[in-house]
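Here's data_12.cif, which has mmCIF, C-alpha atoms and all ligand atoms:
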```cif
data_my_file
#
loop_
_atom_site.label_atom_id
_atom_site.label_comp_id
_atom_site.auth_asym_id
_atom_site.auth_seq_id
_atom_site.Cartn_x
_atom_site.Cartn_y
_atom_site.Cartn_z
CA MET A 1 15.14 -37.05 -2.01
CA LEU A 2 18.04 -34.98 -3.22
CA ASN A 3 21.33 -35.50 -1.46
CA GLY A 4 23.37 -32.56 -0.29
CA MET A 5 27.11 -33.20 -0.46
CA ARG A 6 28.16 -29.65 0.04
CA ASN A 7 31.68 -29.96 1.33
CA LEU A 8 32.98 -32.70 -0.97
CA ALA A 9 31.30 -31.30 -4.06
CA SER A 10 32.40 -27.76 -3.31
CA ALA A 11 35.99 -28.87 -3.17
CA VAL A 12 35.70 -30.78 -6.43
CA LEU A 13 33.99 -27.91 -8.18
CA ALA A 14 36.40 -25.34 -6.87
CA ALA A 15 39.28 -27.43 -8.18
CA PHE A 16 37.60 -27.81 -11.54
CA ILE A 17 36.96 -24.10 -11.93
CA TRP A 18 40.40 -23.23 -10.64
CA LEU A 19 42.04 -25.36 -13.28
CA THR A 20 39.98 -24.17 -16.23
CA GLY A 21 38.68 -20.67 -15.60
CA THR A 22 40.50 -17.41 -16.17
CA PRO A 23 40.76 -14.89 -13.32
CA ALA A 24 37.61 -12.85 -12.71
CA ASP A 25 37.54 -9.09 -12.32
CA ALA A 26 35.38 -9.32 -9.22
CA MET A 27 35.37 -11.79 -6.37
CA CYS A 28 32.28 -13.92 -5.90
CA ARG A 29 31.69 -15.54 -2.53
CA THR A 30 31.80 -19.33 -2.54
CA ASP A 31 30.92 -20.07 1.08
CA ALA A 32 27.21 -19.71 0.39
CA VAL A 33 27.19 -21.75 -2.82
CA GLN A 34 24.68 -24.54 -2.39
CA VAL A 35 25.60 -27.84 -4.03
CA THR A 36 22.99 -30.51 -4.72
CA THR A 37 23.89 -33.92 -6.09
CA ILE A 38 21.39 -35.82 -8.23
CA ALA A 39 21.21 -39.38 -9.51
CA ARG A 40 18.66 -41.15 -11.69
CA ASP A 41 16.90 -42.51 -8.59
CA ASP A 42 16.16 -38.96 -7.46
CA ALA A 43 13.83 -38.40 -10.44
CA VAL A 44 10.15 -38.31 -9.55
CA ARG A 45 9.34 -39.71 -12.99
CA GLU A 46 10.83 -40.43 -16.38
CA ILE A 47 9.41 -39.55 -19.78
CA ARG A 48 10.48 -41.93 -22.52
CA LYS A 49 11.07 -40.20 -25.85
CA ASP A 50 12.75 -40.67 -29.20
CA HIS A 51 16.42 -39.92 -28.81
CA ARG A 52 17.80 -37.00 -30.76
CA TYR A 53 20.75 -34.62 -30.53
CA THR A 54 19.10 -32.39 -27.93
CA GLN A 55 20.35 -28.81 -27.91
CA GLY A 56 17.57 -26.89 -26.20
CA LEU A 57 14.64 -27.88 -23.99
CA ILE A 58 11.73 -25.93 -22.53
CA VAL A 59 8.37 -26.72 -20.95
CA SER A 60 5.33 -24.65 -21.79
CA ASP A 61 1.90 -25.66 -20.51
CA ASP A 62 1.42 -29.31 -21.45
CA VAL A 63 4.16 -29.42 -24.05
CA ILE A 64 7.91 -29.94 -23.94
CA PHE A 65 9.65 -28.23 -26.84
CA GLU A 66 13.02 -29.54 -28.03
CA SER A 67 15.54 -28.03 -30.41
CA THR A 68 17.91 -30.52 -32.03
CA GLY A 69 21.26 -30.14 -33.71
CA GLN A 70 23.61 -31.86 -36.16
CA TRP A 71 23.97 -31.10 -39.86
CA GLY A 72 20.99 -32.39 -41.80
CA ARG A 73 19.15 -33.50 -38.66
CA SER A 74 18.36 -30.23 -36.91
CA GLY A 75 14.79 -29.32 -36.10
CA LEU A 76 12.13 -28.32 -33.64
CA TYR A 77 9.91 -30.84 -31.87
CA ALA A 78 6.93 -30.86 -29.54
CA ILE A 79 6.88 -33.67 -26.98
CA ASP A 80 3.77 -34.66 -25.05
CA ARG A 81 4.79 -34.46 -21.39
CA GLU A 82 2.60 -37.42 -20.44
CA THR A 83 3.24 -39.86 -23.27
CA GLY A 84 6.59 -38.63 -24.60
CA ARG A 85 5.22 -38.79 -28.13
CA SER A 86 7.09 -36.42 -30.46
CA THR A 87 5.80 -34.25 -33.26
CA GLU A 88 8.20 -32.50 -35.63
CA LEU A 89 7.14 -28.87 -35.83
CA ALA A 90 9.85 -27.53 -38.12
CA GLY A 91 12.94 -28.76 -39.89
CA MET A 92 16.06 -26.80 -40.63
CA ASP A 93 18.19 -26.31 -43.75
CA ASP A 94 20.97 -28.92 -43.99
CA LYS A 95 23.54 -26.13 -43.79
CA LEU A 96 22.29 -25.08 -40.35
CA PHE A 97 22.94 -26.64 -36.93
CA GLY A 98 20.19 -26.14 -34.36
CA GLU A 99 20.99 -24.88 -30.86
CA GLY A 100 19.22 -23.22 -27.91
CA LEU A 101 15.49 -22.66 -27.56
CA ALA A 102 13.36 -20.25 -25.54
CA ARG A 103 9.76 -19.08 -25.41
CA LEU A 104 8.85 -15.45 -24.98
CA GLY A 105 5.19 -14.57 -25.19
CA GLY A 106 3.71 -16.39 -28.14
CA ARG A 107 7.02 -16.95 -29.89
CA LEU A 108 9.58 -19.74 -29.86
CA PHE A 109 13.14 -18.55 -30.52
CA GLN A 110 15.62 -21.11 -31.87
CA LEU A 111 19.35 -20.49 -32.30
CA THR A 112 21.84 -21.92 -34.76
CA TRP A 113 25.44 -22.75 -33.88
CA ARG A 114 27.74 -20.91 -36.30
CA SER A 115 25.39 -19.34 -38.83
CA GLY A 116 24.47 -16.23 -36.83
CA MET A 117 20.78 -16.91 -37.49
CA ALA A 118 17.91 -17.22 -35.03
CA PHE A 119 14.36 -18.17 -35.93
CA ALA A 120 11.24 -16.86 -34.20
CA TYR A 121 8.15 -19.04 -34.62
CA ASP A 122 4.71 -17.65 -33.83
CA ILE A 123 3.23 -20.65 -32.07
CA ALA A 124 -0.07 -18.85 -31.50
CA ALA A 125 -0.49 -18.84 -35.29
CA SER A 126 0.25 -22.55 -35.66
CA GLN A 127 -2.27 -24.70 -37.46
CA GLY A 128 -2.29 -28.29 -36.34
CA ASP A 129 1.25 -29.61 -36.27
CA SER A 130 2.72 -27.04 -38.65
CA LEU A 131 4.16 -23.67 -37.78
CA PRO A 132 4.11 -20.60 -40.04
CA ALA A 133 7.43 -19.56 -41.58
CA PRO A 134 9.66 -18.05 -38.90
CA LYS A 135 11.01 -14.54 -38.70
CA VAL A 136 14.79 -14.58 -39.05
CA PHE A 137 17.14 -12.60 -36.83
CA ARG A 138 20.91 -12.14 -37.14
CA TYR A 139 23.52 -12.06 -34.39
CA SER A 140 27.30 -12.15 -34.21
CA GLY A 141 29.40 -15.06 -33.03
CA GLU A 142 28.14 -18.48 -32.06
CA GLY A 143 24.80 -19.49 -30.59
CA TRP A 144 24.68 -22.20 -27.90
CA GLY A 145 21.97 -21.82 -25.24
CA LEU A 146 18.96 -19.55 -24.93
CA THR A 147 16.41 -18.70 -22.25
CA ASN A 148 14.07 -15.87 -21.37
CA MET A 149 14.53 -13.39 -18.55
CA GLN A 150 11.45 -11.22 -18.12
CA GLU A 151 10.99 -9.59 -21.53
CA ARG A 152 14.45 -10.32 -22.88
CA LEU A 153 16.45 -13.32 -24.02
CA VAL A 154 19.69 -14.64 -22.55
CA LEU A 155 22.16 -16.20 -24.99
CA SER A 156 25.24 -18.32 -24.31
CA ASP A 157 27.98 -18.95 -26.85
CA GLY A 158 30.35 -21.35 -25.07
CA THR A 159 32.33 -18.59 -23.40
CA ASP A 160 32.10 -17.27 -19.80
CA THR A 161 29.83 -14.38 -20.84
CA LEU A 162 26.07 -14.38 -21.37
CA ARG A 163 24.45 -11.84 -23.69
CA ILE A 164 21.13 -10.17 -22.84
CA ILE A 165 19.24 -9.92 -26.12
CA ASP A 166 16.40 -7.65 -27.22
CA PRO A 167 13.90 -10.07 -28.80
CA GLU A 168 12.65 -7.44 -31.25
CA ASP A 169 15.92 -7.06 -33.15
CA PHE A 170 18.44 -9.37 -31.42
CA SER A 171 20.62 -6.43 -30.41
CA VAL A 172 22.74 -6.91 -27.27
CA ASP A 173 21.37 -4.94 -24.31
CA ASP A 174 23.84 -6.14 -21.72
CA ARG A 175 26.32 -8.86 -20.78
CA ILE A 176 26.78 -11.05 -17.71
CA GLU A 177 30.27 -12.31 -16.90
CA VAL A 178 29.98 -15.52 -14.88
CA SER A 179 32.33 -16.34 -12.02
CA LEU A 180 32.75 -18.81 -9.18
CA GLY A 181 35.02 -17.42 -6.50
CA GLU A 182 37.95 -15.73 -8.22
CA ARG A 183 37.56 -17.59 -11.50
CA ARG A 184 35.42 -17.17 -14.58
CA VAL A 185 33.29 -20.15 -15.59
CA ASP A 186 33.36 -20.85 -19.31
CA ARG A 187 31.74 -23.36 -21.67
CA LEU A 188 28.30 -22.07 -20.62
CA ASN A 189 25.81 -23.98 -22.71
CA GLU A 190 22.10 -24.89 -22.43
CA LEU A 191 20.22 -22.39 -20.26
CA GLU A 192 17.04 -22.21 -18.22
CA MET A 193 15.59 -19.46 -16.03
CA VAL A 194 14.58 -20.95 -12.66
CA GLU A 195 13.13 -18.77 -9.90
CA GLY A 196 15.24 -15.75 -10.78
CA LEU A 197 18.47 -17.68 -11.38
CA ILE A 198 19.91 -18.64 -14.75
CA LEU A 199 20.76 -22.33 -14.85
CA ALA A 200 23.50 -23.29 -17.28
CA ASN A 201 25.16 -26.60 -17.95
CA LEU A 202 28.87 -26.62 -18.68
CA TYR A 203 29.53 -28.26 -22.02
CA GLY A 204 31.05 -31.70 -21.62
CA GLU A 205 30.62 -31.68 -17.83
CA ALA A 206 27.83 -33.21 -15.76
CA LEU A 207 27.44 -29.96 -13.89
CA ILE A 208 24.73 -27.31 -13.89
CA ILE A 209 25.40 -23.97 -12.30
CA ALA A 210 22.80 -21.45 -11.14
CA ILE A 211 23.86 -17.87 -11.88
CA ASP A 212 22.66 -14.72 -10.12
CA PRO A 213 21.97 -12.47 -13.14
CA ALA A 214 22.57 -9.33 -11.07
CA THR A 215 26.18 -10.25 -10.22
CA GLY A 216 27.21 -13.08 -12.53
CA CYS A 217 28.16 -15.06 -9.43
CA VAL A 218 27.39 -18.75 -9.19
CA ALA A 219 24.80 -19.11 -6.43
CA ALA A 220 24.24 -22.86 -6.57
CA VAL A 221 25.46 -25.97 -8.33
CA ILE A 222 23.70 -29.15 -9.36
CA ASP A 223 26.25 -31.95 -9.46
CA ALA A 224 24.70 -34.35 -11.97
CA ARG A 225 27.69 -36.68 -12.24
CA PRO A 226 25.84 -39.60 -10.61
CA LEU A 227 22.89 -39.02 -12.96
CA VAL A 228 25.11 -38.97 -16.04
CA ALA A 229 26.96 -42.10 -14.90
CA ASP A 230 23.61 -43.85 -14.43
CA MET A 231 22.44 -42.74 -17.87
CA GLN A 232 25.65 -43.75 -19.60
CA GLU A 233 25.22 -47.21 -18.12
CA ALA A 234 21.59 -47.27 -19.31
CA LEU A 235 22.63 -46.07 -22.77
CA ARG A 236 25.01 -49.01 -23.09
CA GLN A 237 21.99 -51.27 -22.74
CA ILE A 238 20.17 -49.89 -25.77
CA GLU A 239 20.95 -50.33 -29.41
CA ASP A 240 21.97 -47.03 -30.84
CA PRO A 241 21.08 -46.40 -34.46
CA VAL A 242 22.69 -42.96 -34.35
CA CYS A 243 26.29 -44.11 -34.18
CA GLY A 244 26.20 -47.85 -33.71
CA GLY A 245 28.28 -48.01 -30.55
CA GLY A 246 31.13 -45.93 -31.98
CA CYS A 247 29.96 -42.67 -30.56
CA ASN A 248 32.08 -39.88 -29.25
CA PRO A 249 31.23 -39.45 -25.53
CA LEU A 250 30.43 -35.82 -26.30
CA ASP A 251 27.42 -37.09 -28.28
CA PHE A 252 25.83 -38.24 -25.01
CA VAL A 253 26.50 -35.39 -22.61
CA LEU A 254 23.96 -33.81 -20.30
CA ASN A 255 22.18 -31.20 -22.40
CA GLY A 256 18.61 -30.07 -21.96
CA ILE A 257 17.26 -28.15 -18.99
CA ALA A 258 13.63 -27.12 -18.70
CA TYR A 259 11.60 -25.83 -15.75
CA ASP A 260 7.89 -25.73 -15.04
CA PRO A 261 7.22 -22.91 -12.57
CA ASP A 262 3.68 -24.19 -11.95
CA THR A 263 4.93 -27.49 -10.50
CA SER A 264 8.49 -26.44 -9.52
CA GLU A 265 9.80 -29.37 -11.53
CA LEU A 266 13.09 -29.52 -13.39
CA PHE A 267 13.28 -31.55 -16.60
CA LEU A 268 16.71 -32.85 -17.60
CA THR A 269 17.89 -34.80 -20.60
CA GLY A 270 21.04 -35.27 -22.65
CA LYS A 271 22.17 -35.58 -26.22
CA ASN A 272 20.72 -38.79 -27.64
CA TRP A 273 19.19 -39.78 -24.30
CA PRO A 274 15.93 -41.74 -24.72
CA LEU A 275 14.56 -40.20 -21.52
CA ILE A 276 13.65 -36.92 -19.96
CA LEU A 277 14.03 -37.13 -16.18
CA VAL A 278 11.83 -34.99 -13.98
CA PHE A 279 13.05 -33.78 -10.60
CA GLY A 280 11.18 -31.94 -7.89
CA ASN A 281 12.43 -28.76 -6.27
CA PRO A 282 15.90 -28.96 -7.87
CA LEU A 283 17.77 -26.41 -5.85
CA ALA A 284 15.75 -26.31 -2.62
CA LEU A 285 15.86 -22.60 -3.18
CA PRO A 286 15.55 -20.44 -0.11
CA CA B 1 16.27 -24.66 -21.57
#
```
Take the structure in the file and give it back as structure tokens.
Ligand SMILES: [Ca+2]
Amino acid sequence: MLNGMRNLASAVLAAFIWLTGTPADAMCRTDAVQVTTIARDDAVREIRKDHRYTQGLIVSDDVIFESTGQWGRSGLYAIDRETGRSTELAGMDDKLFGEGLARLGGRLFQLTWRSGMAFAYDIAASQGDSLPAPKVFRYSGEGWGLTNMQERLVLSDGTDTLRIIDPEDFSVDDRIEVSLGERRVDRLNELEMVEGLILANLYGEALIIAIDPATGCVAAVIDARPLVADMQEALRQIEDPVCGGGCNPLDFVLNGIAYDPDTSELFLTGKNWPLILVFGNPLALP
């Protein structure tokens, strides 16, 4: 069961946003913000997987797709949601750093961090484990997270503003400025559309916010600090060939949010985590 700790968590979150966010143009109500706290024990199951520098995660039918980052290690993977077995679908040039991932129709869109390039893979045209060469799109600024909202894409770039993207040419149709109370919320990172709300984790924080796309207001918060503490303890138990115990903590942050609307399950992972954790009914949405 998920534990509601509304009052305590609200105070902590309000303090966090107050200290870091810039003033918002419009006031968002905070009294109705629902806060849900999750720990590893709340997961209904765990999927063991190879650990990589996860940057984007989605679920589509029986497959989990993962975009990975880092120079020389970026790529696109398919993960069997029952066995956790990974298949590399596409690599990435060593000069590119993989970021967010979204599916729209028969295409997978993958961002890069600072290269202004997005790749669109036609997964319907895939043959076996290989994908045809992607179509390349260009955009300005950085690319962090990506998700789909109806027929368009939503892109984060580490700021407090989301861009609504036309998937046919990557032009910007609109922008969403995200606020909690009187403060903007920045460092918006990995995204996932869940029941009409845009979930976003805040880079470097064990927090996921749910954004009302119509207003930019935070409607709910998932406080994943207990989960991340549990996972950091678990990660100390495993030998880490990526950085041999000398890792920067930012190499292990919560990063990777996927949602299966058919089962109402939320899939969470982190950078270099060897697990995907599956949670039921994440927000107890009204
Ligand atoms: Ca996602």
Counting only C-alpha atoms, give me one row per residue of region 16-88 of chain A with an atom at most 9 Å from an atom of region 219-223 of chain A, showing the shortest contact pair and its distance in Å to one decimal, sorted by chain then residue number, as CSV.
```
residue,atom,partner,partner_atom,distance
A:Arg29,CA,A:Ala219,CA,8.7
A:Thr30,CA,A:Ala219,CA,8.0
A:Ala32,CA,A:Ala219,CA,7.3
A:Val33,CA,A:Ala220,CA,4.9
A:Gln34,CA,A:Ala220,CA,4.5
A:Val35,CA,A:Val221,CA,4.7
A:Thr36,CA,A:Ile222,CA,4.9
A:Thr37,CA,A:Asp223,CA,4.6
A:Ile38,CA,A:Asp223,CA,6.3
A:Ala39,CA,A:Asp223,CA,9.0
```
Go ahead and save the picked residues with C-alpha atoms, as a PDB file, in the frame of the given file.
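After the write, out08.pdb holds the following:
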```pdb
ATOM      1  CA  ARG A  29      31.690 -15.540  -2.530  1.00  0.00           C
ATOM      2  CA  THR A  30      31.800 -19.330  -2.540  1.00  0.00           C
ATOM      3  CA  ALA A  32      27.210 -19.710   0.390  1.00  0.00           C
ATOM      4  CA  VAL A  33      27.190 -21.750  -2.820  1.00  0.00           C
ATOM      5  CA  GLN A  34      24.680 -24.540  -2.390  1.00  0.00           C
ATOM      6  CA  VAL A  35      25.600 -27.840  -4.030  1.00  0.00           C
ATOM      7  CA  THR A  36      22.990 -30.510  -4.720  1.00  0.00           C
ATOM      8  CA  THR A  37      23.890 -33.920  -6.090  1.00  0.00           C
ATOM      9  CA  ILE A  38      21.390 -35.820  -8.230  1.00  0.00           C
ATOM     10  CA  ALA A  39      21.210 -39.380  -9.510  1.00  0.00           C
TER      11      ALA A  39
END
```
CA of Phe252 (chain A) to CA of Lys271 (chain A): how many Å, to one decimal?
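CA of Lys271 (chain A) lies at a distance of 4.7 Å from CA of Phe252 (chain A).
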Once you count all atoms listed in the file, which residues end up within 8 Å of ligand CA 1 (chain B), and could you hand them over as a compact mmCIF listing (two decimals) with C-alpha atoms, in the coordinates of the input?
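Written out: part-v2.txt:
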```
# COMPACT_ATOMS: atom_id res chain seq x y z
CA GLY A 56 17.57 -26.89 -26.20
CA LEU A 57 14.64 -27.88 -23.99
CA ILE A 58 11.73 -25.93 -22.53
CA GLY A 100 19.22 -23.22 -27.91
CA LEU A 101 15.49 -22.66 -27.56
CA ALA A 102 13.36 -20.25 -25.54
CA GLY A 145 21.97 -21.82 -25.24
CA LEU A 146 18.96 -19.55 -24.93
CA THR A 147 16.41 -18.70 -22.25
CA GLU A 190 22.10 -24.89 -22.43
CA LEU A 191 20.22 -22.39 -20.26
CA GLU A 192 17.04 -22.21 -18.22
CA MET A 193 15.59 -19.46 -16.03
CA GLY A 256 18.61 -30.07 -21.96
CA ILE A 257 17.26 -28.15 -18.99
CA ALA A 258 13.63 -27.12 -18.70
CA TYR A 259 11.60 -25.83 -15.75
```
Just checking: using all atoms listed in the file, which residue out of A:Ser126, A:Pro134, A:Asp50, A:Ala224 ends up closest to Gly91 (chain A)?
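Selected residue with least distance to Gly91 (chain A): A:Pro134.
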As an exercise, work out the distance from CA of Tyr53 (chain A) to CA of Leu199 (chain A) in Å and give it to one decimal place.
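Interatomic distance, CA of Tyr53 (chain A) to CA of Leu199 (chain A): 19.9 Å.
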If you measure from CA of Ser74 (chain A) to CA of Gly98 (chain A), what distance in Å do you get, rounded to one decimal?
5.2 Å
Exercise: residues within 6 Å of coordinate (39.5, -14.8, -4.7), counting all atoms listed in the file, as a PyMOL selection string
chain A and resi 27+181-182
Thr159 (chain A) environment, 7 Å, all atoms listed in the file, sequence neighbours closer than 6 positions dropped, as a list in words
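Non-adjacent residues within range: Asp186, Arg187 and Leu188 of chain A.
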Return as AutoDock Vina command-line options the centre and edge lengths, in Å with one decimal, of the box along x, y and z that encloses every atom of region 196-202 of chain A in the file, padded by 5 Å per side.
```
--center_x 22.1 --center_y -21.2 --center_z -14.7 --size_x 23.6 --size_y 20.9 --size_z 17.9
```
Selection near Leu227 (chain A), 10 Å with all atoms listed in the file, sequence-local residues under 5 positions removed, as JSON, numbers by chain:
{"A": [37, 38, 39, 40, 41, 42, 43, 206, 232, 233, 254, 268, 277]}
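Proximity to Gly270 (chain A) was assessed for A:Ser67, A:Thr83, A:Thr161, A:Ser60 counting all atoms listed in the file; the smallest distance is recorded for A:Ser67.
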Shortest interatomic distance to Met117 (chain A) - which of A:Leu162, A:Ile64, A:Ile211, A:Leu96, counting all atoms listed in the file
A:Leu96
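Each of A:Asp174, A:Lys95, A:Ile47, A:Ala90 was checked against Phe119 (chain A) using all atoms listed in the file; the smallest atom-to-atom distance is that of A:Ala90.
Across A:Ala210, A:Arg152, A:Val172, A:Ile79, the tightest approach to Asp61 (chain A) is made by A:Ile79 when counting all atoms listed in the file.
Close contacts of Ser130 (chain A), defined as residues with an atom at most 12 Å away when counting all atoms listed in the file, with chain neighbours fewer than 4 positions off set aside, comprise Leu76, Tyr77, Ala78, Thr87, Glu88, Leu89, Ala90, Gly91, Tyr121, Asp122, Ile123, Ala124, Ala125, Ser126 and Pro134 of chain A.
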Write out, as a PDB file, keeping the file's coordinate frame, the residues just selected, with C-alpha atoms.
```
ATOM      1  CA  LEU A  76      12.130 -28.320 -33.640  1.00  0.00           C
ATOM      2  CA  TYR A  77       9.910 -30.840 -31.870  1.00  0.00           C
ATOM      3  CA  ALA A  78       6.930 -30.860 -29.540  1.00  0.00           C
ATOM      4  CA  THR A  87       5.800 -34.250 -33.260  1.00  0.00           C
ATOM      5  CA  GLU A  88       8.200 -32.500 -35.630  1.00  0.00           C
ATOM      6  CA  LEU A  89       7.140 -28.870 -35.830  1.00  0.00           C
ATOM      7  CA  ALA A  90       9.850 -27.530 -38.120  1.00  0.00           C
ATOM      8  CA  GLY A  91      12.940 -28.760 -39.890  1.00  0.00           C
ATOM      9  CA  TYR A 121       8.150 -19.040 -34.620  1.00  0.00           C
ATOM     10  CA  ASP A 122       4.710 -17.650 -33.830  1.00  0.00           C
ATOM     11  CA  ILE A 123       3.230 -20.650 -32.070  1.00  0.00           C
ATOM     12  CA  ALA A 124      -0.070 -18.850 -31.500  1.00  0.00           C
ATOM     13  CA  ALA A 125      -0.490 -18.840 -35.290  1.00  0.00           C
ATOM     14  CA  SER A 126       0.250 -22.550 -35.660  1.00  0.00           C
ATOM     15  CA  PRO A 134       9.660 -18.050 -38.900  1.00  0.00           C
TER      16      PRO A 134
END
```
So, with only C-alpha atoms as the atoms that count, which of A:Ile208, A:Val154, A:Leu111, A:Met92 lies closest to Ala133 (chain A)?
A:Met92
